[in-house]
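Content type compact mmCIF, C-alpha atoms, from the file final_14.txt:
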```
# COMPACT_ATOMS: atom_id res chain seq x y z
CA TYR A 960 69.23 149.41 68.43
CA LYS A 961 66.29 147.10 67.72
CA ASP A 962 64.26 148.63 70.59
CA ARG A 963 65.03 152.15 69.37
CA GLN A 964 63.87 151.23 65.87
CA ILE A 965 60.64 149.68 67.19
CA GLU A 966 59.95 152.96 69.04
CA SER A 967 60.76 155.00 65.91
CA THR A 968 58.40 152.88 63.81
CA GLN A 969 55.58 153.38 66.30
CA ALA A 970 56.27 157.14 66.42
CA ILE A 971 56.11 157.40 62.59
CA SER A 972 52.85 155.43 62.58
CA GLU A 973 51.31 157.81 65.14
CA HIS A 974 52.56 160.89 63.23
CA ILE A 975 50.95 159.69 59.97
CA SER A 976 47.75 158.79 61.83
CA SER A 977 47.59 162.23 63.46
CA ASP A 978 48.06 164.08 60.15
CA LEU A 979 45.42 161.98 58.37
CA LYS A 980 42.96 162.58 61.23
CA LEU A 981 43.58 166.33 60.94
CA LEU A 982 43.02 166.10 57.18
CA LYS A 983 39.74 164.30 57.81
CA SER A 984 38.58 167.01 60.23
CA ILE A 985 39.34 169.76 57.68
CA LEU A 986 37.27 167.94 55.03
CA GLN A 987 34.47 167.40 57.55
CA GLY A 988 34.49 171.15 58.16
CA ILE A 989 34.06 171.73 54.41
CA ALA A 990 31.19 169.19 54.22
CA ASP A 991 29.47 170.94 57.15
CA SER A 992 30.01 174.46 55.75
CA SER A 993 26.93 176.60 55.05
CA LEU A 994 27.66 176.71 51.31
CA LEU A 995 27.74 172.94 50.85
CA GLN A 996 24.84 172.45 53.26
CA GLN A 997 22.79 174.69 50.95
CA GLY A 998 23.63 172.34 48.07
CA LEU A 999 26.09 174.72 46.44
CA LEU A 1000 28.76 172.44 44.90
CA TYR A 1001 30.48 174.83 42.44
CA GLY A 1002 30.73 178.53 41.55
CA ASP A 1003 32.74 181.57 42.66
CA ARG A 1004 31.93 181.32 46.36
CA ILE A 1005 32.85 177.64 46.42
CA ASP A 1006 36.05 178.42 44.51
CA LYS A 1007 37.11 181.05 47.08
CA MET A 1008 36.46 178.72 50.03
CA MET A 1009 38.11 175.69 48.40
CA ARG A 1010 41.27 177.59 47.46
CA GLU A 1011 41.68 178.61 51.09
CA LYS A 1012 41.07 175.03 52.20
CA PHE A 1013 43.51 173.64 49.60
CA SER A 1014 46.26 175.81 51.14
CA GLU A 1015 45.22 174.76 54.65
CA VAL A 1016 45.30 171.08 53.69
CA ASN A 1017 48.73 171.39 52.07
CA ASN A 1018 50.08 173.01 55.23
CA VAL A 1019 49.21 169.73 56.95
CA THR A 1020 50.45 167.32 54.30
CA LYS A 1021 51.06 166.70 50.60
CA VAL A 1022 47.78 166.58 48.64
CA ASP A 1023 47.62 167.10 44.87
CA THR A 1024 43.83 167.22 44.37
CA ILE A 1025 40.80 168.43 46.31
CA PHE A 1026 37.39 167.85 44.75
CA ILE A 1027 33.63 167.96 45.23
CA ALA A 1028 31.36 165.36 43.61
CA ASP A 1029 27.56 165.56 43.46
CA LYS A 1030 25.12 162.88 44.66
CA ASP A 1031 25.52 161.08 41.31
CA ASP A 1032 29.33 160.84 41.78
CA ILE A 1033 30.08 163.44 39.07
CA VAL A 1034 32.97 165.82 39.88
CA SER A 1035 31.47 169.33 40.05
CA TYR A 1036 34.55 171.14 41.35
CA GLU A 1037 38.27 170.39 41.55
CA ILE A 1038 41.56 172.09 42.38
CA VAL A 1039 44.84 170.37 41.51
CA SER A 1040 48.46 171.21 42.25
CA GLU A 1041 50.69 172.39 39.42
CA GLY A 1042 51.44 169.66 36.88
CA THR A 1043 48.44 167.50 37.86
CA ARG A 1044 45.65 166.85 35.32
CA ARG A 1045 42.13 168.12 36.07
CA PHE A 1046 39.06 165.96 35.61
CA ILE A 1047 35.92 168.09 35.95
CA ASN A 1048 32.59 166.36 35.13
CA ILE A 1049 34.03 162.84 35.26
CA ASP A 1050 32.09 160.04 36.90
CA LEU A 1051 33.83 158.63 40.01
CA SER A 1052 31.28 155.88 40.66
CA PHE A 1053 33.79 153.21 39.56
CA ARG A 1054 36.00 154.04 42.57
CA GLU A 1055 35.43 151.71 45.51
CA TYR A 1056 36.03 154.42 48.12
CA ILE A 1057 33.32 156.63 46.55
CA GLN A 1058 30.76 153.82 46.71
CA GLU A 1059 31.69 152.98 50.30
CA THR A 1060 31.32 156.62 51.38
CA LYS A 1061 27.95 156.87 49.64
CA ASN A 1062 26.62 153.59 51.05
CA THR A 1063 27.80 154.06 54.65
CA LEU A 1064 27.63 157.90 54.84
CA ARG A 1065 30.96 157.71 56.65
CA SER A 1066 34.39 159.05 55.80
CA THR A 1067 36.45 156.57 53.80
CA PHE A 1068 40.17 156.21 53.22
CA SER A 1069 40.91 154.33 50.02
CA ASP A 1070 43.37 151.59 49.23
CA GLY A 1071 46.13 152.47 46.78
CA PHE A 1072 45.13 153.11 43.16
CA LYS A 1073 46.89 154.29 40.01
CA GLY A 1074 45.57 157.39 38.25
CA ILE A 1075 45.48 157.89 34.48
CA ASP A 1076 48.87 159.60 34.95
CA THR A 1077 50.18 156.29 36.52
CA ILE A 1078 50.90 158.00 39.86
CA GLU A 1079 50.02 155.83 42.87
CA ARG A 1080 47.59 157.59 45.22
CA ILE A 1081 45.32 157.12 48.19
CA ALA A 1082 42.17 159.19 48.68
CA LEU A 1083 39.97 160.40 51.50
CA ALA A 1084 36.26 160.99 50.87
CA VAL A 1085 33.85 162.66 53.31
CA PRO A 1086 30.07 162.59 52.66
CA ILE A 1087 28.13 165.85 52.41
CA VAL A 1088 24.99 165.11 54.42
CA ASN A 1089 22.30 167.71 55.01
CA SER A 1090 22.25 168.31 58.76
CA SER A 1091 18.46 168.89 58.82
CA SER A 1092 17.09 166.23 56.49
CA GLY A 1093 19.93 163.66 56.59
CA GLU A 1094 19.91 163.66 52.79
CA PHE A 1095 23.12 162.61 50.97
CA MET A 1096 24.19 165.54 48.76
CA GLY A 1097 27.61 164.56 47.53
CA ILE A 1098 31.23 164.05 48.55
CA VAL A 1099 34.22 166.25 49.29
CA GLY A 1100 37.55 164.51 48.93
CA VAL A 1101 41.29 164.69 48.44
CA LYS A 1102 43.74 162.58 46.46
CA ILE A 1103 47.18 162.04 47.93
CA PRO A 1104 50.24 160.95 45.88
CA THR A 1105 51.64 158.19 48.07
CA GLU A 1106 55.37 158.53 47.38
CA SER A 1107 55.62 162.26 48.06
CA PHE A 1108 53.23 161.97 51.02
CA PHE A 1109 55.01 159.16 52.84
CA SER A 1110 58.45 160.64 52.09
CA LEU A 1111 57.50 163.36 54.62
CA TYR A 1112 57.81 160.73 57.36
CA GLY A 1113 60.91 158.79 56.34
CA ASN A 1114 63.44 158.05 53.63
CA THR A 1115 61.81 156.54 50.53
CA GLN A 1116 64.80 157.13 48.22
CA ASP A 1117 68.10 155.77 49.55
CA ILE A 1118 68.34 152.00 50.11
CA ASN A 1119 71.80 152.30 51.65
CA SER A 1120 70.39 153.84 54.83
CA GLN A 1121 67.24 153.29 56.89
CA PHE A 1122 64.17 153.50 54.63
CA LEU A 1123 60.38 153.30 54.79
CA VAL A 1124 57.96 150.83 53.17
CA VAL A 1125 54.20 151.52 53.27
CA ILE A 1126 51.49 148.95 52.44
CA ASP A 1127 47.70 149.15 52.22
CA ASN A 1128 45.04 146.70 53.43
CA LYS A 1129 45.24 144.61 50.27
CA GLY A 1130 49.02 144.30 50.30
CA THR A 1131 49.66 146.99 47.65
CA LEU A 1132 52.99 148.78 48.13
CA LEU A 1133 52.32 152.54 48.42
CA ALA A 1134 55.92 153.67 48.95
CA VAL A 1135 59.10 151.61 48.83
CA GLY A 1136 62.60 152.82 49.57
CA ALA A 1137 64.07 149.69 47.97
CA ASP A 1138 62.95 150.10 44.36
CA LYS A 1139 60.51 152.48 42.62
CA SER A 1140 59.33 149.71 40.27
CA LEU A 1141 57.68 148.02 43.27
CA VAL A 1142 55.28 150.92 43.97
CA GLY A 1143 51.71 149.93 43.10
CA LYS A 1144 52.57 146.22 43.01
CA ASN A 1145 51.09 143.72 45.46
CA PHE A 1146 53.57 142.44 48.03
CA PHE A 1147 52.25 138.89 47.69
CA GLY A 1148 52.27 138.94 43.88
CA GLU A 1149 54.87 137.29 41.68
CA PHE A 1150 56.73 140.51 40.76
CA VAL A 1151 57.52 141.49 44.37
CA GLN A 1152 58.07 137.92 45.52
CA ASN A 1153 60.65 137.40 42.77
CA PHE A 1154 62.33 140.64 43.90
CA THR A 1155 62.51 139.36 47.52
CA ASN A 1156 63.41 135.81 46.39
CA HIS A 1157 60.28 134.52 48.18
CA ASN A 1158 62.01 135.17 51.52
CA PRO A 1159 59.92 133.29 54.13
CA ILE A 1160 60.94 135.51 57.07
CA LEU A 1161 59.87 138.73 55.31
CA MET A 1162 56.70 137.02 54.05
CA ASN A 1163 55.73 135.92 57.56
CA LEU A 1164 56.54 139.35 59.04
CA THR A 1165 54.38 141.11 56.42
CA GLN A 1166 51.46 138.66 56.74
CA ASN A 1167 51.42 139.32 60.50
CA LEU A 1168 51.60 143.08 59.91
CA LEU A 1169 48.51 143.05 57.68
CA GLN A 1170 46.67 141.34 60.53
CA GLY A 1171 47.60 144.32 62.72
CA ILE A 1172 50.44 142.53 64.55
CA PRO A 1173 53.57 144.67 65.02
CA GLY A 1174 56.93 142.87 65.09
CA TYR A 1175 60.48 142.73 63.78
CA ALA A 1176 62.80 140.41 61.89
CA ILE A 1177 66.34 140.15 60.56
CA TYR A 1178 66.72 138.56 57.12
CA ASP A 1179 68.64 138.71 53.85
CA TYR A 1180 66.91 138.06 50.52
CA GLY A 1181 70.07 138.58 48.50
CA ARG A 1182 70.66 142.33 48.82
CA GLY A 1183 72.30 142.39 52.23
CA GLU A 1184 71.07 141.68 55.75
CA ARG A 1185 68.33 143.95 57.07
CA LEU A 1186 66.51 144.68 60.32
CA THR A 1187 62.83 145.43 59.67
CA THR A 1188 60.30 146.68 62.22
CA ASN A 1189 56.52 146.81 61.63
CA ALA A 1190 53.63 148.99 62.80
CA PRO A 1191 49.99 149.33 61.72
CA ILE A 1192 48.48 152.81 61.21
CA TYR A 1193 45.12 153.31 62.92
CA ILE A 1194 43.03 156.31 61.80
CA GLN A 1195 39.45 155.17 62.45
CA GLU A 1196 38.06 152.64 64.88
CA GLY A 1197 38.45 148.99 63.99
CA LYS A 1198 41.03 147.66 61.57
CA PRO A 1199 44.21 149.54 60.66
CA LEU A 1200 44.11 151.13 57.20
CA TYR A 1201 47.79 151.31 56.27
CA PHE A 1202 50.97 149.65 57.52
CA ILE A 1203 54.61 150.70 57.71
CA GLN A 1204 57.91 148.87 57.78
CA LEU A 1205 61.12 150.61 58.78
CA VAL A 1206 64.07 148.84 57.14
CA THR A 1207 67.72 149.25 58.18
CA PRO A 1208 70.66 147.58 56.41
CA THR A 1209 72.50 145.94 59.33
CA THR A 1210 75.86 147.09 57.88
CA THR A 1211 74.91 150.62 58.96
CA ILE A 1212 74.23 149.34 62.50
CA TYR A 1213 77.46 147.33 62.72
CA SER A 1214 79.52 150.25 61.42
CA GLU A 1215 78.38 152.29 64.43
CA ILE A 1216 79.44 149.62 66.91
```
Here is a file; write its structure as structure tokens.
Amino acid sequence: YKDRQIESTQAISEHISSDLKLLKSILQGIADSSLLQQGLLYGDRIDKMMREKFSEVNNVTKVDTIFIADKDDIVSYEIVSEGTRRFINIDLSFREYIQETKNTLRSTFSDGFKGIDTIERIALAVPIVNSSSGEFMGIVGVKIPTESFFSLYGNTQDINSQFLVVIDNKGTLLAVGADKSLVGKNFFGEFVQNFTNHNPILMNLTQNLLQGIPGYAIYDYGRGERLTTNAPIYIQEGKPLYFIQLVTPTTTIYSEI
């Protein structure tokens, strides 16, 4: 069973990686489009193209916002899914992922962050660079609500069966099957550590995971014994960006035997 779960964890990691790479290529296509290359960052023609792209993106995965920001990091255009607040003309320069994209002129996946609506999200930003002059003209990006996104790849609701935990580079929990109050909290912080009773086995497993080391462990921090398997998610070259843990209460394994 352990070997099967290790394979499942790796398969989920590769599925998420593949979908995020596809998302990145769609945004790159927008950044390279003739309209944006001409410096057109809003208006009817942009609206028509972006609405088509918003549908295309949501056929790949769950995104609640697609936006364009100008070279000064001001949002010039935005489409949001129903029930999501719009923020036209706001300044995004305070977001780390915006600054990184601008400084490196490379696509950037963000760490987890909470919006004004308190929903935990990750974002992807792609620079709009003029293909002739190399001039930075702005950013096209998407914001992804982490819980609904990662629930496409595994159970993030029911703790009595196998569930998914997703963590970013800094240790922030992006989706947690165990308890919704943990989403957005840092795994190594006091709140989560009190929840897990400072379990040393889980701590060690997670520290290794954030260094890109897959593995597994069996432990019990007071809510029943669990088998947990780890896998990093690689999207771009270099370090992994996100990390998953697949957690199975061992009672469900023993009941099958």
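For the residues A:Gly1143, A:Gly1174, A:Gly1148, A:Gly1183, ranking by smallest atom-to-atom distance to Ile1126 of chain A using all atoms listed in the file places A:Gly1143 first.
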Show which residues sit within 9 Å of Lys1061 of chain A, as number ranges by chain. Count only C-alpha atoms, and ignore same-chain residues fewer than 5 positions away.
A: 1030, 1032, 1056, 1086, 1095, 1097-1098
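Here the question is which of A:Ala990, A:Ile1033, A:Gln964, A:Asn1017 gets nearest to Leu1064 of chain A using only C-alpha atoms, and that residue is A:Ala990.
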Which polymer residues have any atom within 10 Å of an atom of Arg1044 of chain A, counting only C-alpha atoms, with same-chain residues fewer than 2 positions away left out, as a PyMOL selection string?
chain A and resi 1023-1024+1038-1042+1046-1047+1074-1076
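Close contacts of Asn1156 of chain A, defined as residues with an atom at most 9 Å away when counting all atoms listed in the file, with chain neighbours fewer than 4 positions off set aside, comprise Val1151, Gln1152, Tyr1180 and Gly1181 of chain A.
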Give the answer as one residue: which of A:Leu981, A:Leu1186, A:Leu1200, A:Ile1118 has the shortest atom-to-atom distance to Ile1081 of chain A, using only C-alpha atoms?
A:Leu1200
Once 8 Å is added on each side, what are the centre and the three edge lengths, in Å to one decimal, of the axis-aligned box enclosing the listed atoms of segment 1092-1108 of chain A? Present them as JSON.
```
{"center_x": 36.4, "center_y": 162.2, "center_z": 51.2, "size_x": 54.5, "size_y": 24.1, "size_z": 26.7}
```
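When all atoms listed in the file are used to compute distances to Ser1092 of chain A, the closest of the residues A:Phe1122, A:Tyr1178, A:Met1009, A:Gln996 turns out to be A:Gln996.
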To one decimal place in Å, what is the distance between atom CA of Val1142 of chain A and atom CA of Arg1182 of chain A?
18.3 Å
Please provide as an MDAnalysis selection string all residues within 12 Å of Asp1117 of chain A, with the sequence filter that same-chain residues fewer than 5 positions apart are discarded (counting all atoms listed in the file).
chainID A and resid 1110 1122:1124 1135:1139 1206:1208
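Residues within 9 Å of segment 970-974 of chain A, counting all atoms listed in the file and excluding same-chain residues fewer than 3 positions away, are Ile965, Glu966, Ser967, Ser977, Asp978, Leu979, Tyr1112, Gly1113, Ala1190, Pro1191, Ile1192, Tyr1193, Phe1202 and Ile1203 of chain A.
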May I have the residues at most 12 Å from (41.8, 150.3, 55.7) in the file's coordinates, counting all atoms listed in the file, as a ChimeraX atom specification?
/A:1056,1059,1066-1071,1081-1083,1126-1131,1169-1171,1191-1202
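Distance-wise, atom CA of Arg1080 of chain A and atom CA of Pro1104 of chain A end up 4.3 Å apart.
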Could you state the separation of atom CA of Ile1005 of chain A and atom CA of Gln1058 of chain A in Å, given to one decimal place?
23.9 Å
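Each of A:Asp962, A:Gln997, A:Ile1172, A:Asp1006 was compared to Glu1094 of chain A using only C-alpha atoms, and A:Gln997 turns out to be the nearest.
With only C-alpha atoms as the atoms that count, the minimum distance from Phe1108 of chain A to the choices A:Ile1078, A:Leu1051, A:Lys1021, A:Thr1209 is reached by A:Lys1021.
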